[in-house]
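Here is entry.cif, consisting of mmCIF, C-alpha atoms:
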data_input
loop_
_atom_site.group_PDB
_atom_site.id
_atom_site.type_symbol
_atom_site.label_atom_id
_atom_site.label_comp_id
_atom_site.auth_asym_id
_atom_site.auth_seq_id
_atom_site.Cartn_x
_atom_site.Cartn_y
_atom_site.Cartn_z
ATOM 1 C CA MET Q 1 114.036 -29.172 54.701
ATOM 2 C CA THR Q 2 112.536 -30.369 57.941
ATOM 3 C CA LEU Q 3 113.528 -27.089 59.606
ATOM 4 C CA LEU Q 4 111.711 -25.251 56.834
ATOM 5 C CA ASP Q 5 108.643 -27.418 57.316
ATOM 6 C CA ALA Q 6 108.659 -26.836 61.066
ATOM 7 C CA LEU Q 7 109.009 -23.084 60.572
ATOM 8 C CA SER Q 8 106.136 -23.141 58.096
ATOM 9 C CA ALA Q 9 103.918 -25.113 60.460
ATOM 10 C CA GLY Q 10 104.715 -22.720 63.288
ATOM 11 C CA LEU Q 11 103.827 -19.737 61.149
ATOM 12 C CA LEU Q 12 100.572 -21.394 60.123
ATOM 13 C CA LEU Q 13 99.619 -22.000 63.746
ATOM 14 C CA LEU Q 14 100.543 -18.416 64.629
ATOM 15 C CA GLY Q 15 98.380 -17.172 61.763
ATOM 16 C CA GLY Q 16 95.460 -19.259 62.975
ATOM 17 C CA LEU Q 17 95.925 -17.802 66.454
ATOM 18 C CA PHE Q 18 95.814 -14.257 65.066
ATOM 19 C CA PHE Q 19 92.669 -15.034 63.099
ATOM 20 C CA LEU Q 20 91.077 -16.443 66.237
ATOM 21 C CA THR Q 21 92.025 -13.263 68.100
ATOM 22 C CA GLY Q 22 90.389 -11.122 65.438
ATOM 23 C CA THR Q 23 87.195 -13.143 65.518
ATOM 24 C CA VAL Q 24 86.988 -13.097 69.304
ATOM 25 C CA GLY Q 25 87.562 -9.341 69.237
ATOM 26 C CA LEU Q 26 84.815 -8.907 66.668
ATOM 27 C CA LEU Q 27 82.398 -10.906 68.781
ATOM 28 C CA ARG Q 28 83.250 -9.643 72.245
ATOM 29 C CA PHE Q 29 84.237 -5.966 72.057
ATOM 30 C CA PRO Q 30 81.516 -3.477 72.940
ATOM 31 C CA GLY Q 31 81.734 -0.715 70.312
ATOM 32 C CA VAL Q 32 82.242 -0.263 66.606
ATOM 33 C CA PHE Q 33 85.671 1.316 66.951
ATOM 34 C CA ASP Q 34 86.889 -1.369 69.346
ATOM 35 C CA ARG Q 35 85.833 -4.053 66.908
ATOM 36 C CA LEU Q 36 87.486 -2.197 64.048
ATOM 37 C CA HIS Q 37 90.682 -1.956 66.072
ATOM 38 C CA ALA Q 38 90.664 -5.677 66.869
ATOM 39 C CA LEU Q 39 89.679 -6.886 63.446
ATOM 40 C CA THR Q 40 91.761 -4.962 60.948
ATOM 41 C CA LYS Q 41 95.094 -5.419 62.672
ATOM 42 C CA ALA Q 42 94.841 -8.980 63.927
ATOM 43 C CA ASP Q 43 93.362 -10.395 60.740
ATOM 44 C CA ASN Q 44 95.915 -8.891 58.426
ATOM 45 C CA LEU Q 45 98.740 -10.055 60.645
ATOM 46 C CA GLY Q 46 97.226 -13.529 60.540
ATOM 47 C CA LEU Q 47 97.041 -13.364 56.770
ATOM 48 C CA GLY Q 48 100.654 -12.237 56.742
ATOM 49 C CA CYS Q 49 101.692 -15.238 58.818
ATOM 50 C CA VAL Q 50 99.819 -17.632 56.532
ATOM 51 C CA VAL Q 51 101.350 -16.003 53.451
ATOM 52 C CA ALA Q 52 104.839 -16.239 54.959
ATOM 53 C CA ALA Q 53 104.294 -19.913 55.723
ATOM 54 C CA LEU Q 54 103.156 -20.533 52.159
ATOM 55 C CA ILE Q 55 106.106 -18.599 50.738
ATOM 56 C CA LEU Q 56 108.456 -20.947 52.579
ATOM 57 C CA GLN Q 57 106.784 -23.836 50.729
ATOM 58 C CA ALA Q 58 106.524 -22.122 47.328
ATOM 59 C CA GLU Q 59 108.027 -23.981 44.389
ATOM 60 C CA THR Q 60 109.041 -21.045 42.204
ATOM 61 C CA GLY Q 61 109.789 -17.414 42.729
ATOM 62 C CA TRP Q 62 106.736 -16.346 40.784
ATOM 63 C CA VAL Q 63 104.407 -18.078 43.212
ATOM 64 C CA ALA Q 64 106.130 -16.355 46.099
ATOM 65 C CA ALA Q 65 105.902 -13.006 44.296
ATOM 66 C CA LYS Q 66 102.186 -13.499 43.715
ATOM 67 C CA LEU Q 67 101.662 -14.320 47.381
ATOM 68 C CA VAL Q 68 103.522 -11.168 48.396
ATOM 69 C CA LEU Q 69 101.415 -9.172 45.934
ATOM 70 C CA ILE Q 70 98.236 -10.608 47.444
ATOM 71 C CA TRP Q 71 99.342 -9.651 50.937
ATOM 72 C CA MET Q 72 100.313 -6.116 49.889
ATOM 73 C CA LEU Q 73 96.956 -5.611 48.198
ATOM 74 C CA ALA Q 74 95.194 -7.005 51.269
ATOM 75 C CA LEU Q 75 97.020 -4.493 53.477
ATOM 76 C CA ILE Q 76 96.070 -1.589 51.243
ATOM 77 C CA ALA Q 77 92.453 -2.755 51.026
ATOM 78 C CA ALA Q 78 92.225 -3.188 54.793
ATOM 79 C CA THR Q 79 93.684 0.263 55.432
ATOM 80 C CA VAL Q 80 91.262 1.981 53.090
ATOM 81 C CA SER Q 81 88.311 -0.039 54.384
ATOM 82 C CA ALA Q 82 89.118 0.652 58.025
ATOM 83 C CA HIS Q 83 89.446 4.382 57.405
ATOM 84 C CA LEU Q 84 86.210 4.574 55.425
ATOM 85 C CA ILE Q 85 84.187 2.542 57.907
ATOM 86 C CA ALA Q 86 85.552 4.504 60.870
ATOM 87 C CA ARG Q 87 84.657 7.803 59.214
ATOM 88 C CA PHE Q 88 81.226 6.514 58.237
ATOM 89 C CA SER Q 89 80.559 5.378 61.791
ATOM 90 C CA LEU Q 90 81.825 8.660 63.240
ATOM 91 C CA ARG Q 91 79.512 10.661 60.996
ATOM 92 C CA ALA Q 92 76.577 8.335 61.627
ATOM 93 C CA ARG Q 93 76.688 9.303 65.293
ATOM 94 C CA GLY Q 94 76.931 12.981 64.446
ATOM 95 C CA GLY Q 95 80.589 13.781 65.027
ATOM 96 C CA ALA Q 96 83.309 15.331 62.868
ATOM 97 C CA ARG Q 97 81.273 16.629 59.990
ATOM 98 C CA ARG Q 98 83.163 17.802 57.001
ATOM 99 C CA THR Q 99 83.540 21.548 57.207
ATOM 100 C CA PRO Q 100 82.238 23.483 54.213
ATOM 101 C CA PRO Q 101 84.969 25.003 52.056
ATOM 102 C CA MET K 1 96.971 -32.024 56.339
ATOM 103 C CA LEU K 2 97.817 -28.975 58.429
ATOM 104 C CA TYR K 3 96.681 -26.800 55.526
ATOM 105 C CA LEU K 4 93.255 -28.417 55.381
ATOM 106 C CA GLY K 5 92.889 -28.304 59.148
ATOM 107 C CA LEU K 6 93.687 -24.601 59.247
ATOM 108 C CA ALA K 7 91.291 -23.977 56.351
ATOM 109 C CA VAL K 8 88.481 -25.692 58.264
ATOM 110 C CA PHE K 9 89.379 -23.690 61.362
ATOM 111 C CA LEU K 10 89.185 -20.442 59.394
ATOM 112 C CA LEU K 11 85.807 -21.486 58.010
ATOM 113 C CA LEU K 12 84.613 -21.980 61.581
ATOM 114 C CA ASN K 13 85.841 -18.431 62.242
ATOM 115 C CA LEU K 14 83.625 -17.291 59.399
ATOM 116 C CA LEU K 15 80.663 -19.059 60.960
ATOM 117 C CA ALA K 16 81.352 -17.284 64.248
ATOM 118 C CA GLY K 17 81.495 -13.986 62.380
ATOM 119 C CA LEU K 18 77.994 -14.586 61.080
ATOM 120 C CA TRP K 19 76.759 -14.083 64.622
ATOM 121 C CA ARG K 20 77.951 -10.486 64.469
ATOM 122 C CA VAL K 21 76.109 -10.025 61.193
ATOM 123 C CA HIS K 22 72.942 -11.264 62.841
ATOM 124 C CA ARG K 23 73.406 -9.318 66.051
ATOM 125 C CA GLY K 24 75.382 -6.195 65.129
ATOM 126 C CA PRO K 25 73.503 -3.077 66.185
ATOM 127 C CA THR K 26 74.695 -0.747 63.439
ATOM 128 C CA ALA K 27 75.307 -1.160 59.737
ATOM 129 C CA ALA K 28 79.016 -0.549 60.319
ATOM 130 C CA ASP K 29 79.183 -3.631 62.542
ATOM 131 C CA ARG K 30 77.823 -5.779 59.755
ATOM 132 C CA MET K 31 80.302 -4.197 57.387
ATOM 133 C CA LEU K 32 83.099 -5.159 59.770
ATOM 134 C CA ALA K 33 81.946 -8.755 59.581
ATOM 135 C CA ALA K 34 82.141 -8.477 55.800
ATOM 136 C CA LEU K 35 85.717 -7.215 56.218
ATOM 137 C CA LEU K 36 86.496 -10.302 58.298
ATOM 138 C CA PHE K 37 84.979 -12.478 55.587
ATOM 139 C CA GLY K 38 87.188 -10.914 52.944
ATOM 140 C CA THR K 39 90.451 -11.450 54.787
ATOM 141 C CA THR K 40 89.605 -14.950 55.960
ATOM 142 C CA THR K 41 88.381 -16.046 52.549
ATOM 143 C CA VAL K 42 91.681 -14.999 50.996
ATOM 144 C CA ALA K 43 93.583 -17.048 53.576
ATOM 145 C CA VAL K 44 91.334 -20.068 52.999
ATOM 146 C CA LEU K 45 91.791 -19.838 49.228
ATOM 147 C CA LEU K 46 95.573 -19.622 49.532
ATOM 148 C CA LEU K 47 95.642 -22.623 51.854
ATOM 149 C CA LEU K 48 93.425 -24.652 49.536
ATOM 150 C CA ALA K 49 95.572 -23.725 46.535
ATOM 151 C CA GLU K 50 98.586 -25.186 48.308
ATOM 152 C CA ALA K 51 96.816 -28.204 49.799
ATOM 153 C CA MET K 52 94.912 -29.364 46.733
ATOM 154 C CA GLY K 53 97.488 -28.385 44.122
ATOM 155 C CA LEU K 54 95.233 -25.912 42.331
ATOM 156 C CA PRO K 55 97.311 -22.833 41.469
ATOM 157 C CA ALA K 56 94.276 -21.149 39.897
ATOM 158 C CA LEU K 57 92.853 -20.598 43.371
ATOM 159 C CA ARG K 58 95.639 -18.058 43.972
ATOM 160 C CA ASP K 59 94.217 -15.992 41.147
ATOM 161 C CA VAL K 60 90.799 -16.249 42.762
ATOM 162 C CA ALA K 61 92.333 -14.977 45.999
ATOM 163 C CA LEU K 62 93.918 -12.086 44.103
ATOM 164 C CA LEU K 63 90.500 -11.197 42.709
ATOM 165 C CA PHE K 64 88.949 -11.309 46.175
ATOM 166 C CA VAL K 65 91.621 -8.979 47.511
ATOM 167 C CA VAL K 66 91.037 -6.466 44.746
ATOM 168 C CA LEU K 67 87.290 -6.578 45.322
ATOM 169 C CA ALA K 68 87.706 -6.170 49.088
ATOM 170 C CA ALA K 69 88.681 -2.525 48.674
ATOM 171 C CA VAL K 70 85.668 -1.843 46.466
ATOM 172 C CA ILE K 71 83.243 -3.245 49.045
ATOM 173 C CA ALA K 72 83.997 -0.632 51.694
ATOM 174 C CA VAL K 73 83.879 2.218 49.185
ATOM 175 C CA ALA K 74 80.510 0.999 47.934
ATOM 176 C CA PHE K 75 79.275 0.671 51.503
ATOM 177 C CA THR K 76 80.169 4.228 52.451
ATOM 178 C CA ARG K 77 79.263 5.910 49.165
ATOM 179 C CA VAL K 78 76.167 4.292 47.762
ATOM 180 C CA PRO K 79 73.550 3.860 50.526
ATOM 181 C CA ARG K 80 72.875 7.413 51.606
ATOM 182 C CA ARG K 81 69.821 6.321 53.537
ATOM 183 C CA PHE K 82 71.967 4.873 56.326
ATOM 184 C CA GLU K 83 73.398 8.278 57.130
ATOM 185 C CA LYS K 84 70.310 9.727 58.692
ATOM 186 C CA GLY K 85 68.196 6.629 59.250
ATOM 187 C CA GLU K 86 69.336 3.613 61.214
ATOM 188 C CA GLU K 87 71.038 4.419 64.504
#

Rewritten as structure tokens:
Amino acid sequence: MTLLDALSAGLLLLGGLFFLTGTVGLLRFPGVFDRLHALTKADNLGLGCVVAALILQAETGWVAAKLVLIWMLALIAATVSAHLIARFSLRARGGARRTPP
Amino acid sequence: MLYLGLAVFLLLNLLAGLWRVHRGPTAADRMLAALLFGTTTVAVLLLLAEAMGLPALRDVALLFVVLAAVIAVAFTRVPRRFEKGEE
């Protein structure tokens, strides 16, 4: 049990570190695409670490399944959001217009 | 106690992200800060659900995750004025 607790605490700290990395990237990187690159990957990995740490402490299987579901949905949402924002930003600066059919 | 500490740390991350909302030169930068808010809020809610023994907060986190995908779609689809206006 103590090994499980230590593993959970380590994963929590790792998740916090990833979140910090994402925030620093958002604040310090020069362009939109750099910030997108830093934010979407680091933050979702941090969320994954936190979810894994909480799964180790979950009482029942249903709680763990719900946590996994939340993480999967977060990954899908982040993927779609990153793609849409990148395309929006690319078009806003006049590149890669959609070709007429 | 580690849960609450990490939750407070993530809230401080959110506060730091507000600086990008204030500063960010383009609308997409501000949208990125909103993306950060979505992910971090979900993590904070999950941590609070475990720390304070409130399982309903997990459902709130689930709702936030589902809404996070809608935000970006609304941002890119609805405000057409950003496309030719603001640099």

May I have the residues of chain K within 7 Å of chain Q, counting only C-alpha atoms, written as a tab-separated table (two decimals) with C-alpha atoms, in the frame of the given file?
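Saved file out27.tsv follows:
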chain	number	residue	atom	x	y	z
K	6	LEU	CA	93.69	-24.60	59.25
K	13	ASN	CA	85.84	-18.43	62.24
K	17	GLY	CA	81.50	-13.99	62.38
K	20	ARG	CA	77.95	-10.49	64.47
K	28	ALA	CA	79.02	-0.55	60.32
K	29	ASP	CA	79.18	-3.63	62.54
K	32	LEU	CA	83.10	-5.16	59.77
K	36	LEU	CA	86.50	-10.30	58.30
K	39	THR	CA	90.45	-11.45	54.79
K	43	ALA	CA	93.58	-17.05	53.58
K	62	LEU	CA	93.92	-12.09	44.10
K	65	VAL	CA	91.62	-8.98	47.51
K	66	VAL	CA	91.04	-6.47	44.75
K	68	ALA	CA	87.71	-6.17	49.09
K	69	ALA	CA	88.68	-2.52	48.67
K	72	ALA	CA	84.00	-0.63	51.69
K	76	THR	CA	80.17	4.23	52.45
K	83	GLU	CA	73.40	8.28	57.13

(message) If I take CA of Ala61 in chain K and CA of Trp19 in chain K, how far is one from the other in Å, to one decimal?
(response) 24.3 Å

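The interatomic distance for the pair CA of Ala33 in chain K and CA of Leu14 in chain K works out to 8.7 Å.
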
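Atom pair CA of Ser8 in chain Q / CA of Leu45 in chain Q: separated by 15.2 Å.
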